[in-house]
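Engineer: Below you'll find model.txt; it's compact mmCIF, C-alpha atoms.
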# COMPACT_ATOMS: atom_id res chain seq x y z
CA MET A 29 15.30 -18.24 6.59
CA ALA A 30 16.93 -16.89 3.45
CA GLY A 31 16.31 -13.39 2.17
CA ASN A 32 17.23 -9.75 2.58
CA VAL A 33 16.95 -8.18 6.02
CA THR A 34 16.23 -4.59 6.98
CA PRO A 35 18.55 -2.45 9.15
CA LEU A 36 16.17 -3.18 12.04
CA ALA A 37 16.38 -6.98 11.94
CA ALA A 38 18.25 -7.15 15.26
CA ARG A 39 15.64 -4.95 16.93
CA HIS A 40 12.84 -7.21 15.71
CA LYS A 41 14.58 -10.35 16.97
CA ALA A 42 15.21 -8.74 20.36
CA LEU A 43 11.47 -8.06 20.59
CA GLY A 44 10.72 -11.72 19.99
CA ALA A 45 9.17 -11.22 16.56
CA ARG A 46 8.06 -14.15 14.45
CA PHE A 47 9.45 -13.82 10.94
CA THR A 48 8.19 -14.64 7.48
CA GLU A 49 9.50 -14.31 3.92
CA PHE A 50 7.83 -11.52 1.97
CA GLY A 51 8.93 -10.20 -1.41
CA GLY A 52 12.40 -11.70 -0.93
CA TRP A 53 12.77 -10.17 2.55
CA GLU A 54 12.86 -11.69 6.02
CA MET A 55 10.24 -9.60 7.81
CA PRO A 56 8.51 -9.63 11.21
CA VAL A 57 4.98 -10.99 10.81
CA GLN A 58 3.98 -10.40 14.44
CA TYR A 59 5.34 -9.56 17.89
CA THR A 60 2.60 -9.88 20.55
CA GLY A 61 -0.09 -11.12 18.16
CA ILE A 62 -1.95 -9.85 15.10
CA ILE A 63 -5.15 -8.88 16.94
CA ASP A 64 -3.28 -7.07 19.72
CA GLU A 65 -1.13 -5.17 17.23
CA HIS A 66 -4.08 -4.37 14.95
CA LEU A 67 -6.12 -2.89 17.81
CA ALA A 68 -3.11 -0.89 19.02
CA VAL A 69 -3.10 0.94 15.67
CA ARG A 70 -6.87 1.50 15.72
CA GLN A 71 -6.89 2.71 19.34
CA ALA A 72 -3.46 4.25 20.01
CA CYS A 73 -0.34 4.04 17.83
CA GLY A 74 1.73 1.48 15.93
CA LEU A 75 5.29 1.53 14.59
CA PHE A 76 6.04 -0.33 11.35
CA ASP A 77 9.31 -1.22 9.65
CA LEU A 78 8.62 -0.83 5.92
CA SER A 79 12.27 -0.81 4.83
CA HIS A 80 11.61 -3.74 2.50
CA MET A 81 9.66 -1.44 0.20
CA GLY A 82 11.45 0.06 -2.76
CA GLU A 83 12.44 3.72 -3.02
CA VAL A 84 13.31 4.91 -6.53
CA GLU A 85 14.15 8.39 -7.77
CA ILE A 86 13.59 9.64 -11.31
CA ARG A 87 16.05 12.46 -11.98
CA GLY A 88 17.43 14.38 -14.94
CA PRO A 89 16.33 17.23 -17.24
CA LEU A 90 13.31 15.24 -18.50
CA ALA A 91 12.45 13.54 -15.21
CA LEU A 92 8.98 15.04 -14.84
CA GLU A 93 8.08 14.53 -18.50
CA PHE A 94 9.25 10.90 -18.25
CA ALA A 95 7.27 10.23 -15.08
CA GLN A 96 4.17 11.83 -16.59
CA ARG A 97 4.52 9.55 -19.62
CA LEU A 98 4.66 6.37 -17.52
CA MET A 99 2.22 7.08 -14.68
CA THR A 100 -1.52 6.68 -15.16
CA ASN A 101 -2.28 9.61 -12.86
CA ASP A 102 -1.51 13.22 -13.73
CA ILE A 103 1.62 14.15 -11.79
CA LEU A 104 1.94 17.55 -13.49
CA LYS A 105 -1.19 18.64 -11.62
CA LEU A 106 0.59 17.70 -8.41
CA ALA A 107 2.23 20.59 -6.57
CA PRO A 108 5.77 20.06 -5.19
CA GLY A 109 5.49 18.64 -1.70
CA ARG A 110 2.43 16.55 -2.49
CA VAL A 111 1.99 12.79 -2.86
CA GLN A 112 -0.15 10.93 -5.38
CA TYR A 113 -1.31 7.32 -5.76
CA SER A 114 -0.70 6.07 -9.28
CA LEU A 115 -0.27 2.96 -11.41
CA LEU A 116 2.60 1.86 -13.60
CA CYS A 117 1.24 -0.02 -16.61
CA ASN A 118 2.66 -1.87 -19.60
CA GLU A 119 1.65 -1.27 -23.23
CA ALA A 120 -1.25 -3.71 -22.88
CA GLY A 121 -2.61 -1.82 -19.87
CA GLY A 122 -1.56 -4.48 -17.37
CA ILE A 123 -0.75 -3.16 -13.90
CA ILE A 124 3.00 -3.53 -13.33
CA ASP A 125 2.69 -1.94 -9.89
CA ASP A 126 0.69 0.48 -7.80
CA LEU A 127 2.81 3.09 -6.06
CA LEU A 128 3.11 6.49 -4.45
CA VAL A 129 4.62 9.41 -6.37
CA TYR A 130 6.37 12.10 -4.30
CA ARG A 131 6.59 15.28 -6.37
CA HIS A 132 9.70 17.41 -5.93
CA PRO A 133 10.28 20.63 -7.93
CA ASP A 134 12.42 18.92 -10.59
CA HIS A 135 12.22 15.16 -9.90
CA VAL A 136 10.06 12.48 -8.28
CA THR A 137 10.51 9.78 -5.68
CA LEU A 138 8.54 6.55 -6.08
CA ALA A 139 7.60 4.26 -3.20
CA VAL A 140 7.07 0.84 -4.78
CA ASN A 141 6.02 -2.59 -3.57
CA ALA A 142 8.83 -4.76 -2.22
CA SER A 143 8.00 -7.73 -4.43
CA ASN A 144 8.01 -5.49 -7.52
CA THR A 145 11.14 -3.41 -6.94
CA VAL A 146 13.39 -5.36 -9.32
CA LYS A 147 10.65 -5.56 -11.97
CA ASP A 148 9.85 -1.85 -11.66
CA LEU A 149 13.50 -0.83 -11.89
CA ASP A 150 14.02 -2.98 -14.96
CA TRP A 151 10.94 -1.49 -16.64
CA LEU A 152 11.85 2.10 -15.80
CA GLN A 153 15.42 1.62 -17.01
CA GLN A 154 14.18 0.10 -20.26
CA MET A 155 11.94 3.08 -20.86
CA ALA A 156 14.68 5.55 -19.90
CA ALA A 157 17.01 3.93 -22.45
CA LYS A 158 14.71 4.84 -25.34
CA SER A 159 16.10 7.45 -27.73
CA SER A 160 13.77 10.25 -26.61
CA TYR A 161 14.99 9.98 -22.99
CA ARG A 162 18.50 8.53 -23.26
CA GLY A 163 20.91 10.68 -21.28
CA GLN A 164 18.09 12.92 -20.08
CA VAL A 165 16.58 10.65 -17.43
CA GLU A 166 18.32 8.84 -14.58
CA ILE A 167 16.68 6.03 -12.61
CA VAL A 168 18.26 5.84 -9.15
CA ASN A 169 17.61 2.92 -6.81
CA VAL A 170 18.07 4.66 -3.47
CA GLY A 171 16.26 1.99 -1.46
CA ALA A 172 19.40 0.04 -0.58
CA GLU A 173 20.76 3.00 1.39
CA ARG A 174 17.43 4.01 2.90
CA ALA A 175 14.95 2.77 5.51
CA ILE A 176 11.22 3.43 5.89
CA LEU A 177 9.24 3.65 9.11
CA ALA A 178 5.51 4.19 9.50
CA VAL A 179 3.77 5.63 12.56
CA GLN A 180 0.03 5.02 12.39
CA GLY A 181 -2.94 5.52 14.69
CA PRO A 182 -4.95 8.25 16.44
CA LEU A 183 -1.94 9.10 18.65
CA ALA A 184 0.51 9.23 15.72
CA PRO A 185 0.60 13.06 15.72
CA THR A 186 1.44 13.01 19.44
CA ALA A 187 4.22 10.49 18.79
CA MET A 188 5.70 12.62 16.01
CA GLN A 189 5.74 15.67 18.22
CA ALA A 190 7.28 13.70 21.10
CA VAL A 191 10.31 12.73 18.98
CA GLY A 192 10.79 16.29 17.76
CA LEU A 193 9.24 16.08 14.30
CA GLU A 194 7.17 19.22 13.76
CA VAL A 195 4.90 18.03 10.99
CA LEU A 196 1.44 18.40 12.52
CA ASP A 197 0.54 20.99 9.90
CA LEU A 198 1.09 18.51 7.05
CA PRO A 199 -2.16 17.81 5.21
CA TYR A 200 -3.05 14.31 4.04
CA MET A 201 -0.92 13.17 1.06
CA ALA A 202 1.78 15.79 1.58
CA PHE A 203 5.43 15.53 2.58
CA ARG A 204 8.31 17.59 3.90
CA LEU A 205 12.11 17.26 3.75
CA LEU A 206 13.81 17.66 7.12
CA GLY A 207 17.35 17.52 8.47
CA SER A 208 20.43 19.62 7.72
CA LYS A 209 20.81 17.90 4.35
CA GLU A 210 17.08 17.27 3.85
CA GLU A 211 17.88 13.58 4.22
CA LEU A 212 14.65 12.82 6.10
CA MET A 213 11.43 12.77 4.08
CA VAL A 214 8.27 12.68 6.19
CA SER A 215 4.85 12.26 4.60
CA ARG A 216 1.35 12.10 5.97
CA THR A 217 0.53 8.81 4.30
CA GLY A 218 -0.05 5.19 5.22
CA TYR A 219 -2.06 2.07 4.40
CA THR A 220 -4.05 1.56 7.60
CA GLY A 221 -6.95 4.00 7.31
CA GLU A 222 -5.69 5.89 10.37
CA ILE A 223 -3.97 9.23 10.71
CA GLY A 224 -0.32 8.44 10.19
CA TYR A 225 3.08 9.33 8.86
CA GLU A 226 5.83 7.60 6.91
CA LEU A 227 9.51 8.40 7.38
CA TYR A 228 12.04 7.84 4.58
CA LEU A 229 15.50 8.10 6.08
CA PRO A 230 19.12 6.96 5.74
CA ALA A 231 19.50 3.29 6.69
CA THR A 232 22.24 4.25 9.14
CA GLU A 233 19.69 6.22 11.19
CA ALA A 234 16.96 3.57 11.26
CA THR A 235 17.77 2.11 14.68
CA SER A 236 18.07 5.55 16.27
CA TRP A 237 14.61 6.62 15.07
CA TRP A 238 13.09 3.24 15.89
CA ASP A 239 14.39 3.47 19.46
CA ARG A 240 13.07 7.00 19.88
CA PHE A 241 9.58 5.91 18.96
CA MET A 242 9.74 2.70 20.98
CA GLU A 243 10.50 4.75 24.10
CA LEU A 244 6.93 6.07 23.81
CA GLY A 245 5.47 2.62 24.42
CA ASP A 246 4.48 3.18 28.05
CA SER A 247 3.19 6.74 27.66
CA LEU A 248 1.27 6.36 24.40
CA GLY A 249 0.60 2.65 24.16
CA LEU A 250 2.79 2.56 21.04
CA LYS A 251 3.59 -0.98 19.85
CA PRO A 252 5.68 -2.48 17.04
CA ILE A 253 3.48 -3.85 14.28
CA GLY A 254 4.25 -6.78 11.97
CA LEU A 255 3.12 -7.65 8.46
CA GLY A 256 0.20 -9.70 9.78
CA ALA A 257 -1.58 -6.71 11.30
CA ARG A 258 -0.53 -4.52 8.39
CA ASP A 259 -2.53 -6.88 6.15
CA THR A 260 -5.64 -6.95 8.36
CA LEU A 261 -5.54 -3.17 8.72
CA ARG A 262 -5.41 -2.57 4.97
CA LEU A 263 -8.08 -5.19 4.33
CA GLU A 264 -10.50 -3.54 6.76
CA MET A 265 -10.11 -0.46 4.57
CA GLY A 266 -10.68 -2.41 1.36
CA TYR A 267 -7.24 -1.38 0.07
CA THR A 268 -5.87 -3.59 -2.69
CA LEU A 269 -2.66 -5.58 -2.27
CA TYR A 270 -0.48 -6.17 -5.32
CA GLY A 271 -0.18 -9.86 -6.10
CA ASN A 272 -3.47 -10.62 -4.36
CA ASP A 273 -6.08 -8.16 -5.59
CA ILE A 274 -4.29 -6.55 -8.54
CA ASP A 275 -1.63 -7.65 -11.02
CA GLU A 276 -0.91 -7.49 -14.74
CA THR A 277 -4.13 -9.42 -15.52
CA THR A 278 -6.48 -7.00 -13.74
CA THR A 279 -7.78 -3.67 -14.98
CA PRO A 280 -7.99 -0.54 -12.81
CA TRP A 281 -11.76 -0.26 -13.25
CA GLU A 282 -12.62 -3.78 -12.17
CA ALA A 283 -10.28 -3.32 -9.19
CA GLY A 284 -12.05 -0.10 -8.16
CA ILE A 285 -8.96 2.10 -8.65
CA GLY A 286 -9.90 3.63 -11.99
CA TRP A 287 -9.86 7.06 -10.32
CA ALA A 288 -6.04 6.85 -10.53
CA VAL A 289 -6.19 6.66 -14.35
CA LYS A 290 -6.46 9.91 -16.30
CA LEU A 291 -7.36 9.03 -19.89
CA ASP A 292 -7.22 12.69 -20.94
CA LYS A 293 -3.40 12.64 -20.81
CA GLU A 294 -0.79 10.60 -22.67
CA PHE A 295 0.73 7.63 -20.85
CA LEU A 296 1.99 4.19 -21.72
CA GLY A 297 -0.93 1.76 -21.95
CA ARG A 298 -3.56 4.48 -22.36
CA GLU A 299 -5.05 3.18 -25.62
CA ALA A 300 -5.32 -0.37 -24.27
CA LEU A 301 -7.00 0.90 -21.10
CA ARG A 302 -9.32 3.14 -23.10
CA GLU A 303 -10.44 0.16 -25.17
CA THR A 304 -10.86 -1.96 -22.05
CA LYS A 305 -13.05 0.68 -20.43
CA ALA A 306 -15.14 1.08 -23.58
CA ARG A 307 -15.85 -2.68 -23.66
CA GLY A 308 -17.28 -2.47 -20.16
CA LEU A 309 -16.72 -4.56 -17.05
CA LYS A 310 -17.32 -8.30 -16.88
CA ARG A 311 -16.31 -8.64 -13.24
CA ARG A 312 -15.64 -6.39 -10.28
CA LEU A 313 -13.69 -6.52 -7.04
CA VAL A 314 -16.19 -6.48 -4.17
CA GLY A 315 -16.07 -6.59 -0.42
CA PHE A 316 -17.94 -9.34 1.39
CA LYS A 317 -18.71 -10.55 4.89
CA VAL A 318 -18.93 -14.26 5.66
CA GLU A 319 -22.23 -15.02 7.40
CA GLY A 320 -21.39 -18.60 8.29
CA ARG A 321 -18.38 -20.15 9.99
CA GLY A 322 -14.92 -20.01 8.49
CA ILE A 323 -12.42 -17.63 6.87
CA ALA A 324 -12.40 -17.14 3.10
CA ARG A 325 -8.78 -17.35 1.97
CA PRO A 326 -7.24 -16.17 -1.33
CA GLY A 327 -8.04 -18.58 -4.14
CA TYR A 328 -11.27 -19.90 -2.64
CA PRO A 329 -14.09 -20.04 -5.23
CA ILE A 330 -17.20 -17.87 -5.05
CA GLN A 331 -20.41 -19.48 -6.26
CA VAL A 332 -24.11 -18.73 -6.70
CA ALA A 333 -26.62 -21.60 -7.02
CA GLY A 334 -23.74 -24.02 -7.48
CA GLU A 335 -22.16 -22.06 -10.34
CA ILE A 336 -18.65 -20.58 -9.91
CA VAL A 337 -18.93 -16.80 -10.38
CA GLY A 338 -15.69 -15.53 -8.88
CA GLU A 339 -12.69 -16.00 -6.62
CA VAL A 340 -11.51 -14.65 -3.27
CA THR A 341 -8.36 -12.51 -3.46
CA SER A 342 -7.99 -11.45 0.21
CA GLY A 343 -9.62 -12.64 3.41
CA CYS A 344 -9.24 -12.56 7.19
CA ILE A 345 -11.01 -12.13 10.50
CA ALA A 346 -11.36 -8.36 10.93
CA PRO A 347 -10.11 -7.63 14.46
CA SER A 348 -12.13 -4.40 14.67
CA LEU A 349 -15.35 -6.26 13.87
CA ASN A 350 -14.64 -9.85 14.92
CA GLU A 351 -16.15 -10.89 11.60
CA ALA A 352 -14.74 -12.73 8.60
CA ILE A 353 -14.31 -10.32 5.67
CA GLY A 354 -12.70 -10.43 2.28
CA LEU A 355 -12.30 -9.13 -1.24
CA ALA A 356 -13.24 -11.14 -4.32
CA TYR A 357 -13.64 -10.73 -8.05
CA VAL A 358 -17.18 -11.72 -9.02
CA ASP A 359 -19.10 -11.63 -12.27
CA LEU A 360 -20.79 -8.25 -12.67
CA ALA A 361 -24.28 -9.75 -12.25
CA TRP A 362 -23.42 -10.63 -8.65
CA ALA A 363 -21.40 -7.55 -7.70
CA LYS A 364 -24.26 -5.39 -6.39
CA GLU A 365 -24.06 -4.53 -2.70
CA GLY A 366 -26.21 -6.83 -0.57
CA THR A 367 -26.02 -9.82 -2.93
CA LEU A 368 -25.95 -13.23 -1.25
CA ILE A 369 -23.11 -15.41 -2.51
CA GLU A 370 -21.31 -18.49 -1.24
CA THR A 371 -17.63 -18.99 -0.69
CA LEU A 372 -16.24 -22.51 -0.75
CA ILE A 373 -14.23 -22.87 2.45
CA ARG A 374 -12.44 -26.22 2.40
CA ASN A 375 -15.01 -27.47 -0.11
CA ARG A 376 -17.90 -26.40 2.14
CA ALA A 377 -20.32 -23.77 0.81
CA VAL A 378 -20.63 -20.92 3.33
CA THR A 379 -23.03 -18.00 2.86
CA ALA A 380 -21.58 -14.52 2.45
CA LYS A 381 -22.95 -11.11 1.47
CA THR A 382 -21.37 -8.42 -0.69
CA VAL A 383 -20.87 -5.14 1.17
CA SER A 384 -19.41 -1.72 0.48
CA VAL A 385 -15.86 -0.92 1.51
CA PRO A 386 -14.22 0.24 3.67
CA PHE A 387 -15.45 -2.26 6.26
CA VAL A 388 -14.66 0.26 9.03
CA PRO A 389 -14.59 4.08 8.79
CA SER A 390 -11.43 5.70 7.47
CA ARG A 391 -9.80 8.39 9.59
CA VAL A 392 -6.91 9.33 7.29
CA ARG A 393 -8.38 12.75 6.53
CA ASP A 394 -9.27 13.60 10.12
CA SER A 395 -7.87 16.92 11.27
CA VAL A 396 -4.75 16.84 13.42
CA SER A 397 -5.03 18.61 16.76
CA GLN A 398 -2.14 20.92 17.51
What do you get writing this file as structure tokens?

Structural biologist:
Amino acid sequence: MAGNVTPLAARHKALGARFTEFGGWEMPVQYTGIIDEHLAVRQACGLFDLSHMGEVEIRGPLALEFAQRLMTNDILKLAPGRVQYSLLCNEAGGIIDDLLVYRHPDHVTLAVNASNTVKDLDWLQQMAAKSSYRGQVEIVNVGAERAILAVQGPLAPTAMQAVGLEVLDLPYMAFRLLGSKEELMVSRTGYTGEIGYELYLPATEATSWWDRFMELGDSLGLKPIGLGARDTLRLEMGYTLYGNDIDETTTPWEAGIGWAVKLDKEFLGREALRETKARGLKRRLVGFKVEGRGIARPGYPIQVAGEIVGEVTSGCIAPSLNEAIGLAYVDLAWAKEGTLIETLIRNRAVTAKTVSVPFVPSRVRDSVSQ
């Protein structure tokens, strides 16, 4: 299988992982099975290799001003040491990427989607080359020299403490720099709906940290988690996935992430998004549960009374519920919670019902026992 590999590729192969191509990377899709790994995160603790994701720094005298101009959210209201979800949009308001912004005193770190790293870098560098920022802003692709691990689940705080990382006082969406050279960035973030942490560290230290966490397998029930369970975990929370649920053709409001857009500040694409919002929604991303047999996969049509009214963007069997769930864009008339719709599964109409998301309760904001 062609593609980039993370510093932990040998560890994954030794664990018997099945691999898949994702965003140009050869990544483990599962080890012991998607359901087993999914439930380990919900009930105990899971360890993820996220080193395929991009890590970009915006530095220079105008770094914060530049980031504020490109991000839809208001990073200047973000205190140093805090993390913010934001969107990167083009002039037409299309979503180039959704990402996390890590606010430092005089610069920012961006955690971007693996499949968008090259596109994001190119866009940021184009913008930094404009006369108002030339020589004042530096876009640094630090991802090639870095690795990212995620520790997620109700026992994640215990796992962090067991490996010597004293971060239990970190609130949700905050981070801390650790190490003699502050080379380790630990944040209380994640995409599973569970209490969890993400570690941004030098690639040369990835195997050492991975092994430390894996040694907790017997005592904490910690397991390595592949991309398969990562997808079912995020879908149970109703979190959007770039390329499936959002892209440059979707608007933040129809995707349900308009809260990350602050129209009272200047940013690239603001006028287009303001006009889009003023026109009103024609469709909306909704959660649904399949009431018949079958799994609604991305691309499957949604219909009402034989008329196509939407399309599935994400779908799976939710391991926590043992029910088929999904996300779909549907015409606004059919987006109300509790609406009966049909999804065409292999050309067979199967009844489904729109529901609110998340499909299972989120625990990301739960307090951490110390």

Engineer: I'd like to know which of A:Met81, A:Leu196, A:Met242, A:Ile86 is closest to Val146 (chain A), using all atoms listed in the file.

Structural biologist: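 Of A:Met81, A:Leu196, A:Met242, A:Ile86, the one nearest Val146 (chain A), counting all atoms listed in the file, is A:Met81.
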
Engineer: Between A:Leu127, A:Glu222, A:Gly88, A:Trp53, which residue has the minimum interatomic distance to Asn101 (chain A), considering only C-alpha atoms?

Structural biologist: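 Result for the nearest residue to Asn101 (chain A): A:Leu127.
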
Engineer: Out of A:Ala356, A:Gly221, A:Val191, A:Glu54, which residue has the shortest atom-to-atom distance to Asp239 (chain A) when counting all atoms listed in the file?

Structural biologist: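 Looking at the shortest contact to Asp239 (chain A), the residue is A:Val191.
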
Engineer: Write out as a PyMOL selection string the residues lying within 8 Å of region 180-186 of chain A, counting all atoms listed in the file and excluding same-chain residues fewer than 2 positions away.

Structural biologist: chain A and resi 68-75+178+188-190+196+218+220+222-225+248+396-397

Engineer: Using all atoms listed in the file, determine which residues lie at most 10 Å from Glu173 (chain A), disregarding the query and same-chain residues fewer than 6 positions distant; provide the list as a list in words.

Structural biologist: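 Result of the neighbour search: Pro35, Ser79, Glu83, Leu229, Pro230, Ala231 and Thr232 of chain A.
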
Engineer: So which one's closest to Ile63 (chain A), A:Trp362, A:Ile323, A:Tyr328, A:Gly256? Using all atoms listed in the file, please.

Structural biologist: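 Selected residue with least distance to Ile63 (chain A): A:Gly256.
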
Engineer: For Val170 (chain A), which residue out of A:Ile330, A:Leu250, A:Val392, A:Ala139 is the nearest one, using all atoms listed in the file?

Structural biologist: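 Checking each candidate against Val170 (chain A), we get A:Ala139 as the closest.
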
Engineer: To one decimal in Å, tell me the separation between CA of Ser348 (chain A) and CA of Ala45 (chain A).

Structural biologist: 22.4 Å

Engineer: If you count all atoms listed in the file, which residues fall within 12 Å of Val168 (chain A), apart from same-chain ones fewer than 2 positions away, as a list in words?

Structural biologist: Gly82, Glu83, Val84, Glu85, Ile86, Arg87, Gly88, Ala91, His135, Val136, Thr137, Leu138, Thr145, Asp148, Leu149, Asp150, Leu152, Gln153, Ala156, Val165, Glu166, Val170, Gly171, Ala172 and Glu173 of chain A

Engineer: From (14.8, 2.6, 19.3), in the file's coordinates, out to 12 Å: which residues are reached, counting all atoms listed in the file? Answer as an mmCIF file with C-alpha atoms, in the coordinates of the input.

Structural biologist:
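As written to disk, point-v1.cif reads:
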data_model
loop_
_atom_site.group_PDB
_atom_site.id
_atom_site.type_symbol
_atom_site.label_atom_id
_atom_site.label_comp_id
_atom_site.auth_asym_id
_atom_site.auth_seq_id
_atom_site.Cartn_x
_atom_site.Cartn_y
_atom_site.Cartn_z
ATOM 1 C CA PRO A 35 18.550 -2.450 9.150
ATOM 2 C CA LEU A 36 16.170 -3.180 12.040
ATOM 3 C CA ALA A 38 18.250 -7.150 15.260
ATOM 4 C CA ARG A 39 15.640 -4.950 16.930
ATOM 5 C CA HIS A 40 12.840 -7.210 15.710
ATOM 6 C CA ALA A 42 15.210 -8.740 20.360
ATOM 7 C CA LEU A 43 11.470 -8.060 20.590
ATOM 8 C CA LEU A 75 5.290 1.530 14.590
ATOM 9 C CA ASP A 77 9.310 -1.220 9.650
ATOM 10 C CA LEU A 177 9.240 3.650 9.110
ATOM 11 C CA VAL A 191 10.310 12.730 18.980
ATOM 12 C CA GLU A 233 19.690 6.220 11.190
ATOM 13 C CA ALA A 234 16.960 3.570 11.260
ATOM 14 C CA THR A 235 17.770 2.110 14.680
ATOM 15 C CA SER A 236 18.070 5.550 16.270
ATOM 16 C CA TRP A 237 14.610 6.620 15.070
ATOM 17 C CA TRP A 238 13.090 3.240 15.890
ATOM 18 C CA ASP A 239 14.390 3.470 19.460
ATOM 19 C CA ARG A 240 13.070 7.000 19.880
ATOM 20 C CA PHE A 241 9.580 5.910 18.960
ATOM 21 C CA MET A 242 9.740 2.700 20.980
ATOM 22 C CA GLU A 243 10.500 4.750 24.100
ATOM 23 C CA LEU A 244 6.930 6.070 23.810
ATOM 24 C CA GLY A 245 5.470 2.620 24.420
ATOM 25 C CA LYS A 251 3.590 -0.980 19.850
ATOM 26 C CA PRO A 252 5.680 -2.480 17.040
#

Engineer: Just checking: using all atoms listed in the file, which residue out of A:Leu349, A:Val332, A:Cys344, A:Met99 ends up closest to Val378 (chain A)?

Structural biologist: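 Under the stated criterion, the closest residue is A:Val332.
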
Engineer: Give as a PyMOL selection string the set of residues within 6 Å of the point (13.5, -10.2, 11.2), where distances use the file's coordinates and all atoms listed in the file.

Structural biologist: chain A and resi 37+40-41+47+54-56

Engineer: Excluding same-chain residues fewer than 5 positions from Leu355 (chain A), what lies within 7 Å of it counting only C-alpha atoms, as a PyMOL selection string?

Structural biologist: chain A and resi 313-316+340-343

Engineer: Report the distance between CA of Gln112 (chain A) and CA of Ala202 (chain A) in Å, rounded to one decimal place.

Structural biologist: 8.7 Å

Engineer: Applying 10 Å and all atoms listed in the file, which residues near Leu116 (chain A) remain after dropping the ones on its own chain fewer than 6 positions away? List them as JSON, numbers by chain.

Structural biologist: {"A": [95, 97, 98, 99, 100, 101, 122, 123, 124, 125, 126, 127, 140, 148, 151, 152, 295, 296, 297]}

Engineer: Just write the chosen residues, C-alpha atoms, as a compact mmCIF listing (two decimals), in the coordinates of the input.

Structural biologist:
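Here's the written file selection_24.txt:
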# COMPACT_ATOMS: atom_id res chain seq x y z
CA ALA A 95 7.27 10.23 -15.08
CA ARG A 97 4.52 9.55 -19.62
CA LEU A 98 4.66 6.37 -17.52
CA MET A 99 2.22 7.08 -14.68
CA THR A 100 -1.52 6.68 -15.16
CA ASN A 101 -2.28 9.61 -12.86
CA GLY A 122 -1.56 -4.48 -17.37
CA ILE A 123 -0.75 -3.16 -13.90
CA ILE A 124 3.00 -3.53 -13.33
CA ASP A 125 2.69 -1.94 -9.89
CA ASP A 126 0.69 0.48 -7.80
CA LEU A 127 2.81 3.09 -6.06
CA VAL A 140 7.07 0.84 -4.78
CA ASP A 148 9.85 -1.85 -11.66
CA TRP A 151 10.94 -1.49 -16.64
CA LEU A 152 11.85 2.10 -15.80
CA PHE A 295 0.73 7.63 -20.85
CA LEU A 296 1.99 4.19 -21.72
CA GLY A 297 -0.93 1.76 -21.95

Engineer: Go ahead and compute the interatomic distance for CA of Leu368 (chain A) and CA of Thr382 (chain A), in Å to one decimal.

Structural biologist: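 Going from CA of Leu368 (chain A) over to CA of Thr382 (chain A), I get 6.7 Å.
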
Engineer: Show me, as a tab-separated table, the residues of region 141-195 of chain A having an atom within 12 Å of region 204-212 of chain A, each with the closest atom pair and its distance in Å, using only C-alpha atoms.

Structural biologist:
residue	atom	partner	partner_atom	distance
A:Val170	CA	A:Glu211	CA	11.8
A:Glu173	CA	A:Glu211	CA	11.3
A:Arg174	CA	A:Glu211	CA	9.7
A:Ala175	CA	A:Leu212	CA	10.1
A:Ile176	CA	A:Leu212	CA	10.0
A:Leu177	CA	A:Leu212	CA	11.1
A:Gly192	CA	A:Leu206	CA	11.1
A:Leu193	CA	A:Leu206	CA	8.7
A:Glu194	CA	A:Leu206	CA	9.5
A:Val195	CA	A:Arg204	CA	7.9
